[in-house]
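Undergrad: Below is the structure I would like to discuss, written out as structure tokens.
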Amino acid sequence: MRLGRFHGGLHLDDHKAESTGEPIRTLPPGRLFVLPLHQHIGHDAEPLVRVGDHVGKGRPVAQPHGDISAAIHAPTSGTVVAIEDRPVPHPSGLPARCIVIEADGDDRWADGLPAPVADASALSAPELLALIRDAGIVGLGGAAFPTAAKLRTDKNSIDTLVVNGAECEPWISCDDMLMREQADGIVSGIGVVQRLLQPRQTLIGIEDNKPQAIDAMRRAVALAGLDDTEVVVIPTLYPSGGERQLIKILTDKEVPSGGLPLQIGIVCQNVGTLFAIHEAVVEGKPLIERIVTVTGDGVRQPRNLRVRIGTPVSEVVAAAGGYAPGVAELLVGGPMMGIALASDEPPIVKASNCILASTPAMLRRHDARPCIRCGECVSVCPARLLPQQLYWYARARDYDKAEDYHLFDCIECGCCDHVCPSHIPLVQYYRHAKGEIRQLRHEKEKADRARIRHQLREERLAREKAERAAKLAAKKAALEKKKAAKAGGDDPKKAAIQAALERAKARKAELAKQRSTTGEKNETP
Amino acid sequence: MLVAIVSITLLAAALGLLLGYASIRFRVEGDPIVDQIDALLPQTQCGQCGFPGCRPYAEAIASGEAEINRCPPGGEATIRALADLLGREPVPLDEARGTTPEEPLVAFIDEKYCIGCTLCIQACPVDAIIGAAKQMHTVIRDDCTGCNLCPPACPVDCIDMVPLPRTLDDWVWDEPEAPLLPEPPV
């Protein structure tokens, strides 16, 4: 098979051996679990529980809100002790809404969970999608896009299913270990997705620095007897695990700028996600745990752990032997794209693939120097951008120009940062510029809305004024008419009174007449 | 001689007709420059510029009646954008009109003290307060422009202007610190 090649990229020391020496260890559930409502792309999940509720393991505690959203499940049995703002793994360090569960220690499954399905091929596509959605599965490669939304496509529109086992970022080894130990489960998950999408072919891309994973996956594919499914060994090159880059390598097709792989008939799924799909459909287990690599020279025993979602980072580090002396920084994710944590209090979320603790020796921090226009960044950019131009425009706040230079095609892989001889934190400039542009767009939308609302209000006030004026005019006209009638002399009321008076007078006269005649009779018998 | 006069006259008449037709056929409704100016203003509708809303101010700028530095909510950025559009030099903000708030503010009604008088509803230029007579009022946060017109209208002083809480959705990465040495211009 002829492989494609993306532009640029870096050969990095992979540092995988540190954490792959021992098999995956399961971390027993701790006492307190913190479940952020926002741990996926899209809308926050909506809580389904209240403080004080007792929940069984696997019971949904929050439901998806809208199409692009994901459910969240109780990682163990226990009591909801709070729904409040807590620190979450986010670069801002801002707290966000979380459901906090205190374990009761029984770790008992909830009642009424979906039953395991022995034969997934007996289920229809909508049933499979519903199972995946109800299990709260999101992309476990790091982006955390809700998987059910990604798989909800037209049948026959998919040419290739790309399985991402590249795991290109240094230090991270959770996908590698999962492929070594759970290849059958991953392949079972691939089978489920194949049933959903009916792709013409399935390509499993794995970097050549993971020979054991490659062997295990090849064996599992052969054992399962999947048609048109191939394990493709790709050269180790960062960032070949990026969705667009991996698609380029495996199919030599390019995802259009600002578009999705779906547009060129490709769906890409990470191996961890596929294993979660297998667990959800075949085992009936929602997504309540994931494999996390705990590594770096800042922990004593780097290793991979099977961790319940919601476990505090501190407990995970403790399970890896605790901090080594001199630890200076804690990242979620790898050294290239990871985000720094202010403390180890935040929980492991669905997207947390790695906890990287580093000492100053590993960090190599430098002060930034001026750009010398060497062009190194251009030669390594996998998105074929011009990083130095983007840097100028981002710094000058010339955001229109930055967008002209396709700022939003930047995948923030950090290659340009890594090679910059002036140590300019380029990616941070791009992140800042992207955020500012989004903010400006948001403000523009708000201003447009305010303009319309103000206009409508002005119109309403004018209309109300006109209505009031019309009412007043009508009243005035009526009054005028009355007055005119009075002035004319034939006031009906007066006439009526006059008539009544006359009637009374006539009657009196009549009575007097009668009385006089009868009186005369009486007086003269 | 005669031929020249006749041909020029005919030409002038034909072109005149063409221009006359074009001025009717391609007539531009309204004043496009006012729309362009209005699009750059922040639409706070606060009246700090001395005009009853953003549109009247835009009209005043277009007619040369008002300077471009009378919009405190827009601040520097708006002045620069207006100067750019109109081909003028940017001028510093007229501080007498007010100061640019450091962060976006929205009105917040302390419902404990609200007496349901509807005065703030009448003051709001974008109808972002809901409520009725003798019913509690509240601000639609997403539609509030932070114009500061409702607090003075409140007879029981229960409206405050508060900063919008930063959430994960609108958080933006900090800009890195500038490099140690000055850089040459682009």
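Each chain of the structure tokens is named A, B, ... in the order shown, its residues numbered from 1; ligands are numbered from 1 in display order.
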List every residue of chain B that has an atom at most 9 Å from any atom of chain A, and for each one report the closest atom pair and its distance in Å to one decimal, counting only C-alpha atoms, with rows sorted by chain and then by increasing residue number, as CSV.

TA:
residue,atom,partner,partner_atom,distance
B:Ala39,CA,A:Asp448,CA,8.0
B:Leu40,CA,A:Lys444,CA,9.0
B:Leu41,CA,A:Ala447,CA,8.2
B:Pro42,CA,A:Ala447,CA,5.7
B:Gln43,CA,A:Ala447,CA,5.2
B:Thr44,CA,A:Ala450,CA,7.2
B:Gln45,CA,A:His454,CA,7.6
B:Gly53,CA,A:His454,CA,8.5
B:Cys54,CA,A:Arg451,CA,8.4
B:Arg55,CA,A:Arg451,CA,8.8
B:Pro125,CA,A:His454,CA,5.8
B:Val126,CA,A:His454,CA,4.6
B:Asp127,CA,A:Arg457,CA,6.8
B:Ala128,CA,A:Arg453,CA,8.6
B:Asp142,CA,A:Lys446,CA,8.1
B:Asp143,CA,A:Ala450,CA,6.8
B:Cys144,CA,A:Ala450,CA,8.2
B:Thr145,CA,A:Ala450,CA,7.1
B:Arg166,CA,A:Leu94,CA,8.3
B:Thr167,CA,A:Leu94,CA,7.3
B:Leu168,CA,A:Leu94,CA,7.0
B:Asp170,CA,A:Gln439,CA,7.0
B:Trp171,CA,A:Ser92,CA,7.0
B:Val172,CA,A:Gly435,CA,4.9
B:Trp173,CA,A:His432,CA,4.7
B:Asp174,CA,A:His432,CA,5.9
B:Glu175,CA,A:His432,CA,5.6
B:Pro176,CA,A:Tyr429,CA,6.5
B:Glu177,CA,A:Ala368,CA,8.5
B:Ala178,CA,A:Ala368,CA,7.7
B:Pro179,CA,A:Ala368,CA,5.0
B:Leu180,CA,A:Arg369,CA,5.7
B:Leu181,CA,A:Pro370,CA,6.1
B:Pro182,CA,A:Pro370,CA,7.1
B:Glu183,CA,A:Pro370,CA,5.9
B:Pro184,CA,A:Pro370,CA,8.9
B:Val186,CA,A:Trp392,CA,7.1

Undergrad: I'd like the neighbourhood of Arg70 (chain B) as a list in words, where a residue qualifies if any of its atoms comes within 12 Å (using only C-alpha atoms), though same-chain residues fewer than 5 positions away should be ignored.

TA: Leu41, Cys46, Gly47, Gln48, Cys49, Gly50, Phe51, Cys54, Tyr57, Ala58, Ala60, Ile61, Glu65, Gly75, Glu76, Thr78, Ile79, Leu82, Pro90, Val91, Pro92, Leu93, Asp94, Glu95, Ala96, Arg97, Gly98, Thr99 and Thr100 of chain B

Undergrad: Please indicate the distance in Å from CA of His137 (chain B) to CA of Pro155 (chain B), rounded to one decimal place.

TA: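 We find that CA of His137 (chain B) and CA of Pro155 (chain B) lie 13.4 Å from each other.
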
Undergrad: So that I can check the surroundings of Gly136 (chain A), please list as a PyMOL selection string every protein, DNA and RNA residue that reaches within 8 Å of it, counting only C-alpha atoms and ignoring chain neighbours fewer than 3 positions away.

TA: chain A and resi 70-73+132-133+146+286-287

Undergrad: Would you kindly return, as a ChimeraX atom specification, each protein, DNA or RNA residue with an atom no farther than 7 Å from any atom of region 155-172 of chain A, considering only C-alpha atoms and excluding same-chain residues fewer than 5 positions away?

TA: /A:13-16,197-207,237-241,265-271,293,295,334-336,354

Undergrad: For the residues selected in the previous step, produce a file with N, CA and C atoms as an mmCIF file, in the first residue's frame.

TA:
data_model
loop_
_atom_site.group_PDB
_atom_site.id
_atom_site.type_symbol
_atom_site.label_atom_id
_atom_site.label_comp_id
_atom_site.auth_asym_id
_atom_site.auth_seq_id
_atom_site.Cartn_x
_atom_site.Cartn_y
_atom_site.Cartn_z
ATOM 1 N N ASP A 13 11.814 12.614 20.231
ATOM 2 C CA ASP A 13 12.071 11.479 21.128
ATOM 3 C C ASP A 13 10.732 11.021 21.660
ATOM 4 N N ASP A 14 10.406 9.731 21.494
ATOM 5 C CA ASP A 14 9.014 9.381 21.816
ATOM 6 C C ASP A 14 8.738 9.140 23.307
ATOM 7 N N HIS A 15 9.775 8.777 24.080
ATOM 8 C CA HIS A 15 9.591 8.604 25.524
ATOM 9 C C HIS A 15 8.398 7.725 25.877
ATOM 10 N N LYS A 16 8.152 6.680 25.073
ATOM 11 C CA LYS A 16 7.009 5.815 25.359
ATOM 12 C C LYS A 16 7.412 4.717 26.344
ATOM 13 N N LEU A 197 -21.829 2.361 9.520
ATOM 14 C CA LEU A 197 -21.448 3.229 8.407
ATOM 15 C C LEU A 197 -21.350 2.499 7.074
ATOM 16 N N GLN A 198 -21.162 1.189 7.123
ATOM 17 C CA GLN A 198 -20.968 0.402 5.907
ATOM 18 C C GLN A 198 -19.879 0.980 5.014
ATOM 19 N N PRO A 199 -18.674 1.189 5.562
ATOM 20 C CA PRO A 199 -17.619 1.750 4.711
ATOM 21 C C PRO A 199 -17.096 0.708 3.726
ATOM 22 N N ARG A 200 -16.525 1.222 2.629
ATOM 23 C CA ARG A 200 -15.953 0.318 1.631
ATOM 24 C C ARG A 200 -14.706 -0.349 2.201
ATOM 25 N N GLN A 201 -13.910 0.425 2.951
ATOM 26 C CA GLN A 201 -12.701 -0.148 3.548
ATOM 27 C C GLN A 201 -12.460 0.462 4.923
ATOM 28 N N THR A 202 -11.689 -0.264 5.741
ATOM 29 C CA THR A 202 -11.314 0.253 7.047
ATOM 30 C C THR A 202 -9.804 0.206 7.162
ATOM 31 N N LEU A 203 -9.196 1.344 7.504
ATOM 32 C CA LEU A 203 -7.746 1.400 7.627
ATOM 33 C C LEU A 203 -7.377 1.750 9.059
ATOM 34 N N ILE A 204 -6.575 0.878 9.675
ATOM 35 C CA ILE A 204 -6.142 1.107 11.049
ATOM 36 C C ILE A 204 -4.706 1.605 10.989
ATOM 37 N N GLY A 205 -4.502 2.875 11.321
ATOM 38 C CA GLY A 205 -3.159 3.455 11.220
ATOM 39 C C GLY A 205 -2.442 3.405 12.557
ATOM 40 N N ILE A 206 -1.264 2.736 12.579
ATOM 41 C CA ILE A 206 -0.471 2.658 13.808
ATOM 42 C C ILE A 206 0.974 3.004 13.463
ATOM 43 N N GLU A 207 1.597 3.854 14.285
ATOM 44 C CA GLU A 207 2.994 4.227 14.028
ATOM 45 C C GLU A 207 3.919 3.044 14.257
ATOM 46 N N LEU A 237 6.090 9.932 12.993
ATOM 47 C CA LEU A 237 6.335 11.340 12.677
ATOM 48 C C LEU A 237 5.231 12.162 13.327
ATOM 49 N N TYR A 238 5.653 13.110 14.153
ATOM 50 C CA TYR A 238 4.651 13.967 14.797
ATOM 51 C C TYR A 238 4.181 15.022 13.799
ATOM 52 N N PRO A 239 2.929 15.375 13.649
ATOM 53 C CA PRO A 239 1.727 14.878 14.308
ATOM 54 C C PRO A 239 0.882 13.964 13.405
ATOM 55 N N SER A 240 1.349 12.758 13.154
ATOM 56 C CA SER A 240 0.581 11.876 12.272
ATOM 57 C C SER A 240 -0.714 11.392 12.936
ATOM 58 N N GLY A 241 -0.876 11.618 14.238
ATOM 59 C CA GLY A 241 -2.126 11.225 14.902
ATOM 60 C C GLY A 241 -3.209 12.281 14.771
ATOM 61 N N GLY A 265 -16.001 11.660 2.491
ATOM 62 C CA GLY A 265 -16.395 10.266 2.676
ATOM 63 C C GLY A 265 -15.556 9.501 3.681
ATOM 64 N N ILE A 266 -15.026 10.212 4.673
ATOM 65 C CA ILE A 266 -14.166 9.535 5.652
ATOM 66 C C ILE A 266 -14.658 9.840 7.067
ATOM 67 N N VAL A 267 -14.647 8.814 7.919
ATOM 68 C CA VAL A 267 -14.898 9.023 9.340
ATOM 69 C C VAL A 267 -13.697 8.471 10.081
ATOM 70 N N CYS A 268 -13.209 9.235 11.058
ATOM 71 C CA CYS A 268 -12.020 8.824 11.806
ATOM 72 C C CYS A 268 -12.404 8.602 13.266
ATOM 73 N N GLN A 269 -11.992 7.454 13.814
ATOM 74 C CA GLN A 269 -12.274 7.163 15.220
ATOM 75 C C GLN A 269 -11.007 6.684 15.914
ATOM 76 N N ASN A 270 -10.838 7.143 17.128
ATOM 77 C CA ASN A 270 -9.686 6.741 17.925
ATOM 78 C C ASN A 270 -9.913 5.325 18.497
ATOM 79 N N VAL A 271 -8.838 4.583 18.724
ATOM 80 C CA VAL A 271 -8.983 3.208 19.225
ATOM 81 C C VAL A 271 -9.678 3.168 20.590
ATOM 82 N N THR A 293 -2.396 7.654 30.874
ATOM 83 C CA THR A 293 -0.949 7.511 31.056
ATOM 84 C C THR A 293 -0.505 8.533 32.095
ATOM 85 N N THR A 295 2.890 9.934 33.489
ATOM 86 C CA THR A 295 4.298 9.794 33.137
ATOM 87 C C THR A 295 5.038 11.123 33.260
ATOM 88 N N GLY A 334 -0.128 15.701 26.242
ATOM 89 C CA GLY A 334 1.304 15.521 26.035
ATOM 90 C C GLY A 334 2.080 16.829 26.104
ATOM 91 N N PRO A 335 3.384 16.753 25.893
ATOM 92 C CA PRO A 335 4.224 17.947 26.002
ATOM 93 C C PRO A 335 3.993 18.942 24.866
ATOM 94 N N MET A 336 3.454 18.484 23.742
ATOM 95 C CA MET A 336 3.275 19.387 22.606
ATOM 96 C C MET A 336 1.950 20.132 22.669
ATOM 97 N N CYS A 354 -3.584 11.739 29.293
ATOM 98 C CA CYS A 354 -2.255 11.658 29.900
ATOM 99 C C CYS A 354 -2.097 12.726 30.972
#

Undergrad: Which of these residues is nearest to Asp84 (chain B), using only C-alpha atoms: B:Ile130, B:Asp169, B:Ile37, B:Arg141?

TA: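 Distance minimum relative to Asp84 (chain B) lands on B:Ile37.
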